[in-house]
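Since the structure comes first, as structure tokens, the remarks are kept for the end.
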Amino acid sequence: MELTIQKEGKKKAGSMTVADSVFSVEFNEPLIHQVLTTYLAGARSGTKAQKTRSEVRGGGRKPWAQKGTGRARAGTIRSPLWRSGGVTFAAKPRDYSKKINKKMYRAAMRSIFSELVRQERFVCVDEFDVTEAKTKLVKDKLNGFGLEDVLIITEELTETLYFGIRNLPKADVIDANEIDPYSLIGFEKILITKAAVEKVEAWLS
């Protein structure tokens with residue numbers, strides 16, 4: 001299939017041939033959902049921790065006699081029933097990550113890229129960079145393509161582009177090696193350079 005290469009002013013600057021097996025496959029919603037769930041689960045820190053009654057400091061002595069005081073029997077002041085006591089079912093650090101094989105992951109990425117192309121949310125350009133790390137330069141360049149809510153994918157991330165875009169609330173930039181499914185569906189449009197397209201095609205073919 002042919003991908004249109006655009007230049008500023010939403011004008012056509014040419015085209016490039018890409019593999020149908022990467023940019024023109026059927027949309028597989030169940031697979032994409034599974035891959036996204038796995039990706040987000042793997043991003044969870046899982047470091048939440050609480051203490052059981054045996055881990056809370058203190059409470060080694062029985063607070064009062066078992067009988068004769070008129071009060072309820074108690075064995076420790078660190079009981080979960082007491083203030084400053086332990087937690088009955090204490091949360092412990094855990095691993096939330098799930099396993100998904102590479103074949104499924106790449107198939108989901110091909111499906112996402114193909115759907116972006118079909119919905120005309122995939123903008124391909126020859127190159128995208130700025131001469132200085134200034135937000136205004138990046139914003140003006142994006143305005144030339146009529147883009148605001150956009151993820152920029154380049155073959156190699158430059159320092160000027162990284163520092164120039166970080167103050168734009170609806171825009172972000174990554175290089176072709178850091179592409180993930182969550183980022184691809186999180187923006188209205190994807191702006192990708194020709195070199196990055198070739199890198200993606202080589203990865204997913």
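Just so we're on the same page: first chain in the structure tokens is A, next is B, and so on; residues restart at 1 for each chain, and ligands are numbered from 1 in the order they show up.
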
Polymer residues at most 10 Å from Val87 in chain A, only C-alpha atoms, same-chain spacing of 6 or more positions, as a VMD selection string: chain A and resid 50 to 56 78 to 81

DSSP helix (DSSP H, G or I) selection over range 6-183 of chain A, as JSON, numbers by chain: {"A": [20, 21, 22, 23, 29, 30, 31, 32, 33, 34, 35, 36, 37, 38, 39, 40, 41, 42, 43, 102, 103, 104, 105, 106, 107, 108, 109, 110, 111, 112, 113, 114, 115, 116, 117, 118, 135, 136, 137, 138, 139, 140, 141, 142, 143, 144, 159, 160, 161, 162, 163, 164, 165, 176, 177, 178, 181, 182, 183]}

Would you put the residues from that selection into a file with C-alpha atoms, as a tab-separated table (two decimals), in the first residue's frame?
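Result saved to again28.tsv:
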chain	number	residue	atom	x	y	z
A	20	ASP	CA	0.16	-4.47	3.63
A	21	SER	CA	1.01	-7.06	6.29
A	22	VAL	CA	1.95	-4.24	8.68
A	23	PHE	CA	-0.26	-1.27	7.79
A	29	GLU	CA	-10.10	-5.67	19.26
A	30	PRO	CA	-9.87	-8.67	21.68
A	31	LEU	CA	-6.15	-9.04	20.99
A	32	ILE	CA	-5.49	-5.31	21.43
A	33	HIS	CA	-7.44	-5.33	24.69
A	34	GLN	CA	-5.37	-8.25	25.96
A	35	VAL	CA	-2.09	-6.57	25.02
A	36	LEU	CA	-3.12	-3.26	26.61
A	37	THR	CA	-4.20	-5.01	29.81
A	38	THR	CA	-0.86	-6.81	29.96
A	39	TYR	CA	1.08	-3.59	29.29
A	40	LEU	CA	-0.76	-1.61	31.98
A	41	ALA	CA	-0.49	-4.47	34.49
A	42	GLY	CA	3.26	-4.59	33.95
A	43	ALA	CA	3.48	-0.85	34.67
A	102	LYS	CA	6.01	-11.62	21.11
A	103	LYS	CA	3.90	-12.93	18.23
A	104	MET	CA	0.67	-11.71	19.86
A	105	TYR	CA	2.25	-8.37	20.84
A	106	ARG	CA	3.47	-7.66	17.31
A	107	ALA	CA	0.12	-8.72	15.81
A	108	ALA	CA	-1.64	-6.24	18.11
A	109	MET	CA	0.77	-3.46	17.10
A	110	ARG	CA	0.15	-4.18	13.41
A	111	SER	CA	-3.59	-4.01	14.07
A	112	ILE	CA	-3.25	-0.66	15.87
A	113	PHE	CA	-1.10	0.87	13.12
A	114	SER	CA	-3.50	-0.36	10.43
A	115	GLU	CA	-6.50	1.13	12.23
A	116	LEU	CA	-4.70	4.47	12.65
A	117	VAL	CA	-4.07	4.55	8.89
A	118	ARG	CA	-7.73	3.68	8.13
A	135	THR	CA	8.36	25.29	22.73
A	136	LYS	CA	7.24	28.00	20.31
A	137	LEU	CA	9.22	26.45	17.45
A	138	VAL	CA	7.66	23.03	18.02
A	139	LYS	CA	4.17	24.51	18.39
A	140	ASP	CA	4.50	26.53	15.18
A	141	LYS	CA	5.73	23.45	13.33
A	142	LEU	CA	2.78	21.37	14.59
A	143	ASN	CA	0.36	24.15	13.66
A	144	GLY	CA	1.75	23.94	10.12
A	159	GLU	CA	17.65	16.82	22.63
A	160	THR	CA	16.22	19.98	21.04
A	161	LEU	CA	12.94	18.26	20.16
A	162	TYR	CA	12.66	16.57	23.56
A	163	PHE	CA	13.13	19.80	25.53
A	164	GLY	CA	11.09	21.82	23.04
A	165	ILE	CA	7.96	19.66	23.31
A	176	ALA	CA	10.83	4.25	17.15
A	177	ASN	CA	12.41	1.91	19.72
A	178	GLU	CA	10.08	3.06	22.51
A	181	PRO	CA	0.35	0.26	22.46
A	182	TYR	CA	-0.84	2.61	25.20
A	183	SER	CA	0.93	5.63	23.70

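Residue nearest Phe122 in chain A within the list A:Glu8, A:Arg83, A:Leu151, A:Lys67: A:Leu151 [criterion: smallest interatomic distance, only C-alpha atoms].
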
For range 194-204 of chain A: contacts at 6 Å, only C-alpha atoms, fewer than 2 positions along chain excluded, given as a ChimeraX atom specification: /A:125-126,154-155,176

Strand (DSSP E or B) call set, DSSP backbone run, chain A, as a PyMOL selection string: chain A and resi 2-7+11-17+122-125+150-154+171-175+189-193

Export, as a tab-separated table (two decimals), in the first residue's frame, the selected residues with N, CA and C atoms.
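Saved as selection32.tsv:
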chain	number	residue	atom	x	y	z
A	2	GLU	N	0.26	2.37	-0.37
A	2	GLU	CA	0.97	3.63	-0.44
A	2	GLU	C	0.60	4.53	0.74
A	3	LEU	N	1.62	5.08	1.39
A	3	LEU	CA	1.41	6.06	2.45
A	3	LEU	C	1.77	7.44	1.92
A	4	THR	N	0.87	8.40	2.12
A	4	THR	CA	1.13	9.78	1.67
A	4	THR	C	2.09	10.46	2.63
A	5	ILE	N	3.11	11.10	2.09
A	5	ILE	CA	4.04	11.89	2.90
A	5	ILE	C	3.62	13.35	2.81
A	6	GLN	N	3.33	13.94	3.96
A	6	GLN	CA	2.83	15.31	4.00
A	6	GLN	C	3.93	16.29	4.35
A	7	LYS	N	3.68	17.55	3.98
A	7	LYS	CA	4.54	18.63	4.42
A	7	LYS	C	3.65	19.72	5.02
A	11	LYS	N	0.00	19.73	2.74
A	11	LYS	CA	0.22	19.46	1.33
A	11	LYS	C	0.98	18.14	1.15
A	12	LYS	N	0.75	17.51	0.03
A	12	LYS	CA	1.39	16.23	-0.26
A	12	LYS	C	2.81	16.46	-0.75
A	13	ALA	N	3.75	15.75	-0.12
A	13	ALA	CA	5.15	15.90	-0.51
A	13	ALA	C	5.65	14.67	-1.24
A	14	GLY	N	4.80	13.66	-1.38
A	14	GLY	CA	5.20	12.43	-2.04
A	14	GLY	C	4.50	11.24	-1.41
A	15	SER	N	5.03	10.07	-1.63
A	15	SER	CA	4.44	8.85	-1.06
A	15	SER	C	5.52	7.81	-0.88
A	16	MET	N	5.21	6.80	-0.06
A	16	MET	CA	6.14	5.69	0.13
A	16	MET	C	5.36	4.39	0.18
A	17	THR	N	5.96	3.34	-0.30
A	17	THR	CA	5.31	2.03	-0.33
A	17	THR	C	5.64	1.27	0.96
A	122	PHE	N	-2.91	8.86	11.04
A	122	PHE	CA	-1.50	8.52	10.85
A	122	PHE	C	-0.90	9.50	9.85
A	123	VAL	N	-0.06	10.41	10.32
A	123	VAL	CA	0.53	11.44	9.47
A	123	VAL	C	2.02	11.14	9.30
A	124	CYS	N	2.41	10.92	8.06
A	124	CYS	CA	3.80	10.60	7.75
A	124	CYS	C	4.49	11.82	7.14
A	125	VAL	N	5.69	12.14	7.64
A	125	VAL	CA	6.45	13.28	7.14
A	125	VAL	C	7.88	12.84	6.83
A	150	VAL	N	-1.10	15.21	19.67
A	150	VAL	CA	-0.30	14.39	18.75
A	150	VAL	C	0.87	13.71	19.46
A	151	LEU	N	1.17	12.51	19.03
A	151	LEU	CA	2.38	11.80	19.44
A	151	LEU	C	3.33	11.79	18.25
A	152	ILE	N	4.53	12.29	18.46
A	152	ILE	CA	5.54	12.34	17.40
A	152	ILE	C	6.49	11.16	17.57
A	153	ILE	N	6.68	10.41	16.49
A	153	ILE	CA	7.59	9.27	16.50
A	153	ILE	C	8.71	9.54	15.52
A	154	THR	N	9.94	9.56	16.01
A	154	THR	CA	11.10	9.81	15.16
A	154	THR	C	12.03	8.60	15.21
A	171	ALA	N	0.95	17.02	23.62
A	171	ALA	CA	1.90	16.47	22.65
A	171	ALA	C	3.04	15.77	23.37
A	172	ASP	N	3.59	14.77	22.71
A	172	ASP	CA	4.72	14.04	23.27
A	172	ASP	C	5.56	13.51	22.11
A	173	VAL	N	6.77	13.09	22.43
A	173	VAL	CA	7.65	12.56	21.39
A	173	VAL	C	8.39	11.33	21.93
A	174	ILE	N	8.53	10.31	21.09
A	174	ILE	CA	9.30	9.12	21.42
A	174	ILE	C	10.07	8.70	20.17
A	175	ASP	N	11.07	7.86	20.36
A	175	ASP	CA	11.73	7.33	19.17
A	175	ASP	C	11.13	5.97	18.83
A	189	LYS	N	-3.77	12.05	17.01
A	189	LYS	CA	-3.02	11.81	15.78
A	189	LYS	C	-1.60	11.29	16.11
A	190	ILE	N	-1.04	10.56	15.15
A	190	ILE	CA	0.34	10.10	15.24
A	190	ILE	C	1.11	10.74	14.09
A	191	LEU	N	2.16	11.50	14.42
A	191	LEU	CA	3.02	12.07	13.39
A	191	LEU	C	4.33	11.28	13.41
A	192	ILE	N	4.67	10.67	12.30
A	192	ILE	CA	5.82	9.78	12.25
A	192	ILE	C	6.70	10.12	11.05
A	193	THR	N	7.99	10.08	11.25
A	193	THR	CA	8.91	10.38	10.15
A	193	THR	C	9.06	9.16	9.24

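What separates CA of Ala74 in chain A from CA of Arg61 in chain A is a distance of 10.2 Å.
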
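Nearest residue to Ile185 in chain A, choosing from A:Pro169, A:Arg121, A:Ile100, A:Gly9 and counting only C-alpha atoms: A:Arg121.
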